[in-house]
Each structure stands twice: as C-alpha cells, then as structure tokens.
Amino acid sequence: MFKRKIVLSLFLLLIATSLWAQGAKMVTIERGTFVPLYGATNKTPVEVKSFYIDVYPVTNAEFQAFLKKYPENTRSKMKGIFADKSYLSHWESDFNYGKGNLSNAPVTNISWFAAKKYCECQGGRLPTMDEWEYVAMADEKRIDARTKESFNKYIMSWYEKPNTYANPVGETFKNYWGVYDMHGLVWEWTSDFNSIFLSGESRKDKDSDKNLFCGSASVNATDLMNYAAFMRYAFRGSLKARYTTKNLGFRCAKDKITVSKTNLKSKK
Amino acid sequence: MKLNTTNTPSLFRKKESLKSIFRFNTIIFLVVTSLLLSLQSCNKKAESPKEEEKPISELSIYNLPSKWTTQDGKDIEMKDMKGKVLVMVMIYTSCKAACPRLVADMRNIESRIPKKIKDNVKFVLVSIDPEVDTPKRLKSFAIENKMESDQWVFLRSTEENTREFAAVLAVNYKKIDPVDFSHSNIISVFNAEGELAYQQEGLGLNSDETISKITEEAGKLK
C-alpha cells in the first residue's frame, strides 16, 4: 500500500512537472502557404510548416514566475546589452508586477532577448515573423481574412485605441486556430524581427513601399490590408533587440515534432 | 506489458510486486530525467562566467554565450577575443552585390591602421549564411581575398546564434532566395571590453572616422 502511494504521488508529480514544463496552453497551427506583405520575393507564397503557438500572450504572472526561477533576468540583474533601461519599468519591483498591473495582462516592456529566453526556458522559441503573420491573418472563421474589410477595420481601429496593453489576455476574438489577441491587445516580438528593410537598404523589398505610398488614389480592401500589415512590419523594422516599450509583448511557439519515416518503418 | 501476459498465473503475486518495483523505478527515472531536461533546457545561458580579473561589462558582447567556429575549424566564444579591438562585419561568401564592397572596405580599413597598433586589432567577418559558409569555404574565401594574416577571423555558428548576434549589432538580414540575402551594410568597432564604440553604415565610405576610432581604442592598449 505504502509503495503504491509513493508511486501514485510520484506519478502525480510527474504529471505536474510535465504540465509545468510545457507552460502555457498551446494550439496546433496546420501547415499552409501565404503571401506576406514583406519577405516574399515576386509574390511567391511562403510555406509555413505545422507548429504550436501559445493561445495567449505571456502574462505578468507567468513572467513573474519565470523571474523567480531565473532571477538573472530581473530588472536589477538584466545586463544592459540585453535590455534597455525601461525593461519592466512599469513593475513595482524585481519580482513583483505590483498592484497597478493585472496578473493576467500581457507582460510588456520586454526586450527581444528576455522574450527569447523566456520561451527557451519553456522548451519553446519565439514564432518567426512568417508564422506570426500566418496566424494573425485568420479571423473567427477563415484562415485568411485579410481581404475582408471588417477584419481590417477591426485591426485599424485597434491601432488607434490607446493603452490596450493594460487589458487582460483573452478578451479579443478567438480566431480560426483558437488563438486570441493577435490583434487588439499588444504588439508582439518575433524571432526574426530584424529581417526587415524599410530604410532603402534592400534591393527587392522596395516595391511594396512604393505601392503603399504612391498607389492609386482610392482606398480599397487590399490597401487597408496592406496598411494594417505595413504598420506591423514598420514597427518591427524600427526595433532593436534591447528595446522595450509598454505596448510590446510576446508569445511563444514550438516546433511540431513529426514522426520521421525511419521511425515508422522500424515499427512495422 | 507484453512480458507480463506471458507469465504463468502461479507467479502472479511475485509478478505484481516486481511490476510495482519496476514501475516505481521507471517513474523515478522519468521524474529525474524530466527534471534534468527541464533544467537543462535553458541553462546554457546561465553558465556563470569564469572569474577573471575584471568582470565583463554590462554592455559587452562577451556576455553572449554562443559558440563559433573559425575558418581554421577552431571552436571559440566571442570572449576569447577579449582584450583586442574588434572590427566586425556580417557577410556571406556567395554574395555578389554588397559584400565584395564591404570586404573591400574592411581591407581598406585594415591597410590604413598604423602598424604599431595592428597587433591590438582583429578584423572579424561573421557569416549570415552558416549553411553554405562552412569553415572550409570561409578558409578559401580568406585565401581568395588575401585575408590570411592573423588579424583576420572568419566566424560561423548556428542560424539562431547568428540571428542573435545580428540583433546585438543591429544588423538586419533576410534570405531572399536560395542563394542571396538582403543585409545591412554596417561595420562595427568594439573596444577591448567588447563594448560597441562606433558603427559605420553604408558602402564605400571613406572610413576616416572608423579608422580614428579604432586607432584611439587600440592606442589605449599596451
């Protein structure tokens, strides 16, 4: 009996640790292709492989728990090369997000290094820009709602709304994949945010700029869609990895481990 | 499980206890390994740096734990170059457009550095295309471009480390087709502590300021 109890409790502990290690709730994003505003040469669709992504952005409470485990990332310990002075500056102290912030509001004032580290410690990574944009183009019903006027208007109206970063996660719409808050709450870091060229350095990404600024006079759905996406790419293009701002948070992604062919064969 | 079903009923009791011991051990094993794994997953960065005379400054690139391979196949960390002034640029060897000019700029800078301080300076070319730029390839690139003396260091690492290093240098890059990359044309100067001292942005500039900064920083060293 005694042994059984030990076995049972150890088993429960195992479940608990495995749940804890997995961290936040994730959903599967199926593979697909799309043409992002930037990054696709000659409008060739980009392939996004199947992966997992957090349902919600990482919250204050979650980040606080992370800091308790990895205190080298607290405000006072964080090295200047990895985060600027405003890193977590809205928190009350090193380990306390304080009364002024909701536990389930997205954590912001986070540098790319801190976000990356957090995801690595959950066994994940930051989503790539293509992955993020792929998930973000879905509305409640469709995988790609980018040409839908009401969808774009929703995104644009958020861009005008101040201080949404103080809201709790999960209050915007649930999209096709079951993911919340891709629009309407905070901007989010991506792993390859530093792959954008808006300053005239690049040779091939320029066309879309020109189209946006010197395009036809009428504003149609495609213009709105491009404008909404352009805002995101321009914002990312303006960032440096140590920057932190109060409207910029993040969520994590994870590779989907696919069973390789050799594995299948050996089972037969 | 299969093993158990083949056992005879007379062994039932023994089997049961064996089973629970077996289960007990497996579970302990699983718990321990999962704990170890979860600890390991991100501790690669938490490695405490060896106590040296002087702690690494907050803004130093020597805080980066990433491992790199040189054109000679040697594995190094950035901090192995501590104590030298570093002139760094990110390139890829199959590049036909901007990189040859960036490389030319680097060579131009190198040739204009006063001889007496040259030993205090390293010129580092970091590949943004680690898949193609193997140490061997970097070596032949160094030979082709007459960058064979000790001053020249070519580095490659994983894609992730490269992306991180670019983020530190504020270099943006993106693969735009199977061969080519778009990338920022930035030459960065780091002082002996690994802190960014100066950045030259653009191609074919006269590099006067870059050279005077390198000379200034290298002059501080013995």
# chains A, B, ... in the order shown; residues from 1 in each chain; ligands from 1
call {"tool": "residues_around", "arguments": {"residues": "region 121-132 of chain B", "least_positions_apart": "3", "cutoff": "7 Å", "atoms": "only C-alpha atoms", "output": "list in words"}}
result
Lys84, Val85, Leu86, Val87, Met88, Val89, Met90, Ile91, Tyr92, Lys118, Gln151, Trp152, Val153, Phe154, Leu155, Arg156, Ser157, Thr158, Glu159, Thr162 and Ala218 of chain B
call {"tool": "select_by_dssp", "arguments": {"residues": "region 60-162 of chain A", "states": "alpha helix (DSSP H)", "output": "VMD selection string"}}
result
chain A and resid 60 to 69 112 to 121 129 to 136 149 to 160
call {"tool": "atom_distance", "arguments": {"atom1": "CA of Lys222 (chain B)", "atom2": "CA of Lys74 (chain B)"}}
result
26.6 Å
call {"tool": "residues_around", "arguments": {"residues": "region 241-256 of chain A", "least_positions_apart": "4", "cutoff": "7 Å", "atoms": "only C-alpha atoms", "output": "ChimeraX atom specification"}}
result
/A:50-54,56-58,81-84,86-87,106-113,115,119,124-127,165,186-189 /B:167-168
call {"tool": "atom_distance", "arguments": {"atom1": "CA of Thr128 (chain A)", "atom2": "CA of Pro45 (chain A)"}}
result
15.6 Å
call {"tool": "select_by_dssp", "arguments": {"residues": "region 40-210 of chain B", "states": "strand (DSSP E or B)", "output": "VMD selection string"}}
result
chain B and resid 60 67 to 70 75 to 77 85 to 91 121 to 127 152 to 156 173 to 175 181 to 183 186 to 190 195 to 201
call {"tool": "write_last_selection", "arguments": {"atoms": "N, CA and C atoms", "output": "CSV table (one decimal), in the first residue's frame"}}
result
chain,number,residue,atom,x,y,z
B,60,SER,N,28.8,44.6,-22.9
B,60,SER,CA,29.8,43.9,-23.7
B,60,SER,C,29.2,42.7,-24.5
B,67,LYS,N,28.7,29.8,-29.2
B,67,LYS,CA,29.9,29.2,-29.7
B,67,LYS,C,30.1,29.4,-31.2
B,68,TRP,N,31.3,29.7,-31.7
B,68,TRP,CA,31.5,30.0,-33.1
B,68,TRP,C,32.7,29.1,-33.6
B,69,THR,N,32.7,28.9,-34.9
B,69,THR,CA,33.8,28.2,-35.5
B,69,THR,C,34.6,29.1,-36.5
B,70,THR,N,35.9,29.0,-36.4
B,70,THR,CA,36.7,29.9,-37.3
B,70,THR,C,37.0,29.2,-38.6
B,75,ASP,N,36.9,26.0,-32.5
B,75,ASP,CA,35.7,26.5,-31.8
B,75,ASP,C,36.1,27.6,-30.8
B,76,ILE,N,35.4,28.7,-30.9
B,76,ILE,CA,35.7,29.8,-29.9
B,76,ILE,C,34.4,30.5,-29.5
B,77,GLU,N,34.5,31.2,-28.4
B,77,GLU,CA,33.4,32.1,-28.0
B,77,GLU,C,33.9,33.5,-28.2
B,85,VAL,N,40.8,45.1,-29.9
B,85,VAL,CA,39.8,45.9,-30.5
B,85,VAL,C,39.2,45.1,-31.7
B,86,LEU,N,37.9,45.0,-31.8
B,86,LEU,CA,37.3,44.2,-32.9
B,86,LEU,C,36.7,45.1,-33.9
B,87,VAL,N,37.0,44.8,-35.2
B,87,VAL,CA,36.2,45.4,-36.2
B,87,VAL,C,35.4,44.3,-36.9
B,88,MET,N,34.1,44.5,-36.8
B,88,MET,CA,33.2,43.3,-37.2
B,88,MET,C,32.3,43.7,-38.4
B,89,VAL,N,32.0,42.7,-39.2
B,89,VAL,CA,31.1,42.9,-40.3
B,89,VAL,C,30.4,41.6,-40.5
B,90,MET,N,29.1,41.6,-41.0
B,90,MET,CA,28.4,40.4,-41.3
B,90,MET,C,28.2,40.3,-42.8
B,91,ILE,N,28.7,39.1,-43.3
B,91,ILE,CA,28.7,38.9,-44.8
B,91,ILE,C,28.3,37.5,-45.1
B,121,VAL,N,44.4,44.7,-32.8
B,121,VAL,CA,43.2,44.8,-33.6
B,121,VAL,C,42.9,43.5,-34.3
B,122,LYS,N,41.6,43.0,-34.2
B,122,LYS,CA,41.2,41.9,-35.0
B,122,LYS,C,40.1,42.3,-36.0
B,123,PHE,N,40.1,41.8,-37.2
B,123,PHE,CA,39.1,42.0,-38.1
B,123,PHE,C,38.3,40.8,-38.3
B,124,VAL,N,37.0,40.9,-37.9
B,124,VAL,CA,36.1,39.7,-37.8
B,124,VAL,C,35.0,39.8,-38.8
B,125,LEU,N,34.9,38.7,-39.7
B,125,LEU,CA,33.8,38.6,-40.6
B,125,LEU,C,32.9,37.5,-40.2
B,126,VAL,N,31.7,37.8,-39.9
B,126,VAL,CA,30.7,36.8,-39.4
B,126,VAL,C,29.8,36.4,-40.5
B,127,SER,N,29.6,35.1,-40.8
B,127,SER,CA,28.8,34.7,-41.9
B,127,SER,C,27.3,34.7,-41.5
B,152,TRP,N,42.8,38.5,-39.4
B,152,TRP,CA,41.5,38.1,-40.0
B,152,TRP,C,40.9,36.9,-39.3
B,153,VAL,N,39.7,37.1,-38.8
B,153,VAL,CA,39.0,36.0,-38.3
B,153,VAL,C,37.6,35.9,-39.0
B,154,PHE,N,37.3,34.7,-39.4
B,154,PHE,CA,36.0,34.4,-40.0
B,154,PHE,C,35.3,33.5,-39.1
B,155,LEU,N,34.0,33.8,-38.9
B,155,LEU,CA,33.2,33.0,-37.9
B,155,LEU,C,31.9,32.6,-38.5
B,156,ARG,N,31.5,31.4,-38.1
B,156,ARG,CA,30.2,30.9,-38.3
B,156,ARG,C,29.6,30.2,-37.1
B,173,TYR,N,19.0,41.1,-41.6
B,173,TYR,CA,19.3,40.4,-42.8
B,173,TYR,C,18.1,39.4,-43.0
B,174,LYS,N,18.0,39.1,-44.3
B,174,LYS,CA,16.9,38.1,-44.6
B,174,LYS,C,17.3,37.4,-45.9
B,175,LYS,N,17.0,36.1,-45.9
B,175,LYS,CA,17.3,35.3,-47.0
B,175,LYS,C,16.2,35.6,-48.1
B,181,PHE,N,20.9,37.0,-49.8
B,181,PHE,CA,20.4,37.6,-48.6
B,181,PHE,C,20.4,39.2,-48.8
B,182,SER,N,19.4,39.8,-48.2
B,182,SER,CA,19.4,41.2,-48.0
B,182,SER,C,20.1,41.4,-46.7
B,183,HIS,N,20.9,42.4,-46.6
B,183,HIS,CA,21.5,42.7,-45.3
B,183,HIS,C,22.0,44.1,-45.1
B,186,ILE,N,26.9,47.3,-42.3
B,186,ILE,CA,27.4,48.0,-41.1
B,186,ILE,C,28.7,47.4,-40.7
B,187,ILE,N,29.7,48.3,-40.5
B,187,ILE,CA,30.9,47.8,-39.9
B,187,ILE,C,31.0,48.4,-38.5
B,188,SER,N,31.2,47.4,-37.5
B,188,SER,CA,31.1,47.8,-36.1
B,188,SER,C,32.5,47.7,-35.4
B,189,VAL,N,32.8,48.7,-34.6
B,189,VAL,CA,34.1,48.7,-33.8
B,189,VAL,C,33.7,48.4,-32.4
B,190,PHE,N,34.4,47.4,-31.8
B,190,PHE,CA,34.2,47.1,-30.4
B,190,PHE,C,35.5,47.4,-29.6
B,195,GLU,N,32.6,46.4,-25.8
B,195,GLU,CA,31.5,47.4,-25.9
B,195,GLU,C,31.6,48.1,-27.3
B,196,LEU,N,30.4,48.3,-27.8
B,196,LEU,CA,30.3,49.0,-29.1
B,196,LEU,C,30.9,50.4,-29.0
B,197,ALA,N,31.9,50.7,-29.9
B,197,ALA,CA,32.5,52.0,-29.8
B,197,ALA,C,32.1,52.9,-31.0
B,198,TYR,N,31.8,52.2,-32.1
B,198,TYR,CA,31.5,53.0,-33.3
B,198,TYR,C,30.9,52.1,-34.4
B,199,GLN,N,30.0,52.7,-35.2
B,199,GLN,CA,29.4,51.9,-36.3
B,199,GLN,C,29.4,52.8,-37.6
B,200,GLN,N,29.9,52.1,-38.6
B,200,GLN,CA,29.9,52.8,-39.9
B,200,GLN,C,28.9,52.2,-40.8
B,201,GLU,N,27.9,53.0,-41.2
B,201,GLU,CA,26.8,52.4,-42.0
B,201,GLU,C,26.9,52.9,-43.5
call {"tool": "closest_residue", "arguments": {"among": "B:Asp133, B:Asp105, B:Asp177, B:Asp119", "to": "chain A", "atoms": "only C-alpha atoms"}}
result
B:Asp177
call {"tool": "closest_residue", "arguments": {"among": "B:Arg112, B:Lys54, B:Lys213, B:Arg163", "to": "chain A", "atoms": "only C-alpha atoms"}}
result
B:Arg163
call {"tool": "residues_around", "arguments": {"residues": "Pro135 (chain B)", "least_positions_apart": "3", "cutoff": "7 Å", "atoms": "only C-alpha atoms", "output": "PDB file with all heavy atoms, in the first residue's frame"}}
result
ATOM      1  N   THR B  69      32.705  28.902 -34.891  1.00  0.00           N
ATOM      2  CA  THR B  69      33.810  28.157 -35.494  1.00  0.00           C
ATOM      3  C   THR B  69      34.553  29.075 -36.454  1.00  0.00           C
ATOM      4  O   THR B  69      33.926  29.806 -37.219  1.00  0.00           O
ATOM      5  CB  THR B  69      33.285  26.926 -36.248  1.00  0.00           C
ATOM      6  OG1 THR B  69      32.400  26.217 -35.390  1.00  0.00           O
ATOM      7  CG2 THR B  69      34.412  26.008 -36.661  1.00  0.00           C
ATOM      8  N   THR B  70      35.872  29.042 -36.408  1.00  0.00           N
ATOM      9  CA  THR B  70      36.670  29.914 -37.271  1.00  0.00           C
ATOM     10  C   THR B  70      36.953  29.247 -38.613  1.00  0.00           C
ATOM     11  O   THR B  70      36.619  28.083 -38.818  1.00  0.00           O
ATOM     12  CB  THR B  70      38.025  30.253 -36.622  1.00  0.00           C
ATOM     13  OG1 THR B  70      38.802  29.050 -36.611  1.00  0.00           O
ATOM     14  CG2 THR B  70      37.857  30.760 -35.216  1.00  0.00           C
ATOM     15  N   GLN B  71      37.621  30.000 -39.492  1.00  0.00           N
ATOM     16  CA  GLN B  71      37.982  29.460 -40.813  1.00  0.00           C
ATOM     17  C   GLN B  71      38.982  28.312 -40.690  1.00  0.00           C
ATOM     18  O   GLN B  71      39.166  27.560 -41.633  1.00  0.00           O
ATOM     19  CB  GLN B  71      38.534  30.579 -41.715  1.00  0.00           C
ATOM     20  CG  GLN B  71      39.935  31.075 -41.380  1.00  0.00           C
ATOM     21  CD  GLN B  71      39.932  32.269 -40.438  1.00  0.00           C
ATOM     22  OE1 GLN B  71      39.123  32.370 -39.537  1.00  0.00           O
ATOM     23  NE2 GLN B  71      40.871  33.181 -40.662  1.00  0.00           N
ATOM     24  N   ASP B  72      39.610  28.190 -39.516  1.00  0.00           N
ATOM     25  CA  ASP B  72      40.545  27.081 -39.311  1.00  0.00           C
ATOM     26  C   ASP B  72      39.893  25.922 -38.573  1.00  0.00           C
ATOM     27  O   ASP B  72      40.575  25.013 -38.088  1.00  0.00           O
ATOM     28  CB  ASP B  72      41.765  27.563 -38.531  1.00  0.00           C
ATOM     29  CG  ASP B  72      42.503  28.657 -39.291  1.00  0.00           C
ATOM     30  OD1 ASP B  72      42.730  28.462 -40.505  1.00  0.00           O
ATOM     31  OD2 ASP B  72      42.823  29.693 -38.690  1.00  0.00           O
ATOM     32  N   GLY B  73      38.575  25.995 -38.426  1.00  0.00           N
ATOM     33  CA  GLY B  73      37.850  24.919 -37.763  1.00  0.00           C
ATOM     34  C   GLY B  73      37.984  24.929 -36.249  1.00  0.00           C
ATOM     35  O   GLY B  73      37.659  23.958 -35.581  1.00  0.00           O
ATOM     36  N   LEU B 138      34.971  29.301 -45.767  1.00  0.00           N
ATOM     37  CA  LEU B 138      35.464  30.570 -45.221  1.00  0.00           C
ATOM     38  C   LEU B 138      36.967  30.678 -45.436  1.00  0.00           C
ATOM     39  O   LEU B 138      37.495  31.740 -45.768  1.00  0.00           O
ATOM     40  CB  LEU B 138      35.123  30.679 -43.734  1.00  0.00           C
ATOM     41  CG  LEU B 138      33.634  30.856 -43.397  1.00  0.00           C
ATOM     42  CD1 LEU B 138      33.426  30.791 -41.893  1.00  0.00           C
ATOM     43  CD2 LEU B 138      33.081  32.161 -43.953  1.00  0.00           C
ATOM     44  N   LYS B 139      37.635  29.538 -45.261  1.00  0.00           N
ATOM     45  CA  LYS B 139      39.086  29.499 -45.447  1.00  0.00           C
ATOM     46  C   LYS B 139      39.443  29.865 -46.887  1.00  0.00           C
ATOM     47  O   LYS B 139      40.307  30.708 -47.126  1.00  0.00           O
ATOM     48  CB  LYS B 139      39.613  28.100 -45.095  1.00  0.00           C
ATOM     49  CG  LYS B 139      41.105  27.955 -45.175  1.00  0.00           C
ATOM     50  CD  LYS B 139      41.790  28.599 -43.997  1.00  0.00           C
ATOM     51  CE  LYS B 139      43.296  28.505 -44.108  1.00  0.00           C
ATOM     52  NZ  LYS B 139      43.949  29.255 -43.017  1.00  0.00           N
TER      53      LYS B 139
END
call {"tool": "residues_around", "arguments": {"residues": "region 138-143 of chain A", "least_positions_apart": "2", "cutoff": "9 Å", "atoms": "only C-alpha atoms", "output": "list in words"}}
result
Tyr134, Val135, Ala136, Ala145, Arg146, Phe151, Phe173, Lys174, Asn175, Tyr176, Trp177 and Gly178 of chain A
call {"tool": "write_last_selection", "arguments": {"atoms": "C-alpha atoms", "output": "compact mmCIF listing (two decimals), in the first residue's frame"}}
result
# COMPACT_ATOMS: atom_id res chain seq x y z
CA TYR A 134 0.16 33.47 -40.86
CA VAL A 135 -1.72 33.02 -37.58
CA ALA A 136 -2.68 36.69 -37.49
CA ALA A 145 -9.42 37.02 -43.73
CA ARG A 146 -7.02 39.64 -44.95
CA PHE A 151 -11.42 42.45 -40.36
CA PHE A 173 -11.78 37.37 -30.53
CA LYS A 174 -10.78 33.72 -30.77
CA ASN A 175 -9.51 33.11 -34.25
CA TYR A 176 -9.83 30.13 -36.58
CA TRP A 177 -6.94 28.34 -34.87
CA GLY A 178 -8.20 29.01 -31.36
call {"tool": "closest_residue", "arguments": {"among": "B:Val179, B:Val171, B:Met147, B:Ile211", "to": "chain A", "atoms": "only C-alpha atoms"}}
result
B:Val171
call {"tool": "atom_distance", "arguments": {"atom1": "CA of Leu185 (chain A)", "atom2": "CA of Val48 (chain A)"}}
result
24.2 Å
call {"tool": "residues_around", "arguments": {"residues": "Val35 (chain A)", "least_positions_apart": "4", "cutoff": "8 Å", "atoms": "only C-alpha atoms", "output": "PDB file with N, CA, C and O atoms, in the first residue's frame"}}
result
ATOM      1  N   ALA A  40       8.310  37.953 -49.297  1.00  0.00           N
ATOM      2  CA  ALA A  40       8.115  37.019 -50.391  1.00  0.00           C
ATOM      3  C   ALA A  40       8.618  37.697 -51.654  1.00  0.00           C
ATOM      4  O   ALA A  40       8.146  38.761 -52.016  1.00  0.00           O
ATOM      5  N   LYS A  43       6.161  37.808 -55.025  1.00  0.00           N
ATOM      6  CA  LYS A  43       4.851  37.303 -54.603  1.00  0.00           C
ATOM      7  C   LYS A  43       4.757  35.774 -54.587  1.00  0.00           C
ATOM      8  O   LYS A  43       3.691  35.200 -54.719  1.00  0.00           O
ATOM      9  N   THR A  44       5.881  35.113 -54.473  1.00  0.00           N
ATOM     10  CA  THR A  44       5.828  33.661 -54.327  1.00  0.00           C
ATOM     11  C   THR A  44       5.345  33.342 -52.923  1.00  0.00           C
ATOM     12  O   THR A  44       5.853  33.898 -51.964  1.00  0.00           O
ATOM     13  N   PRO A  45       4.372  32.437 -52.807  1.00  0.00           N
ATOM     14  CA  PRO A  45       3.882  32.135 -51.460  1.00  0.00           C
ATOM     15  C   PRO A  45       4.979  31.540 -50.574  1.00  0.00           C
ATOM     16  O   PRO A  45       5.867  30.835 -51.041  1.00  0.00           O
ATOM     17  N   VAL A  46       4.889  31.864 -49.307  1.00  0.00           N
ATOM     18  CA  VAL A  46       5.829  31.360 -48.316  1.00  0.00           C
ATOM     19  C   VAL A  46       5.192  30.153 -47.646  1.00  0.00           C
ATOM     20  O   VAL A  46       4.002  30.161 -47.355  1.00  0.00           O
TER      21      VAL A  46
END
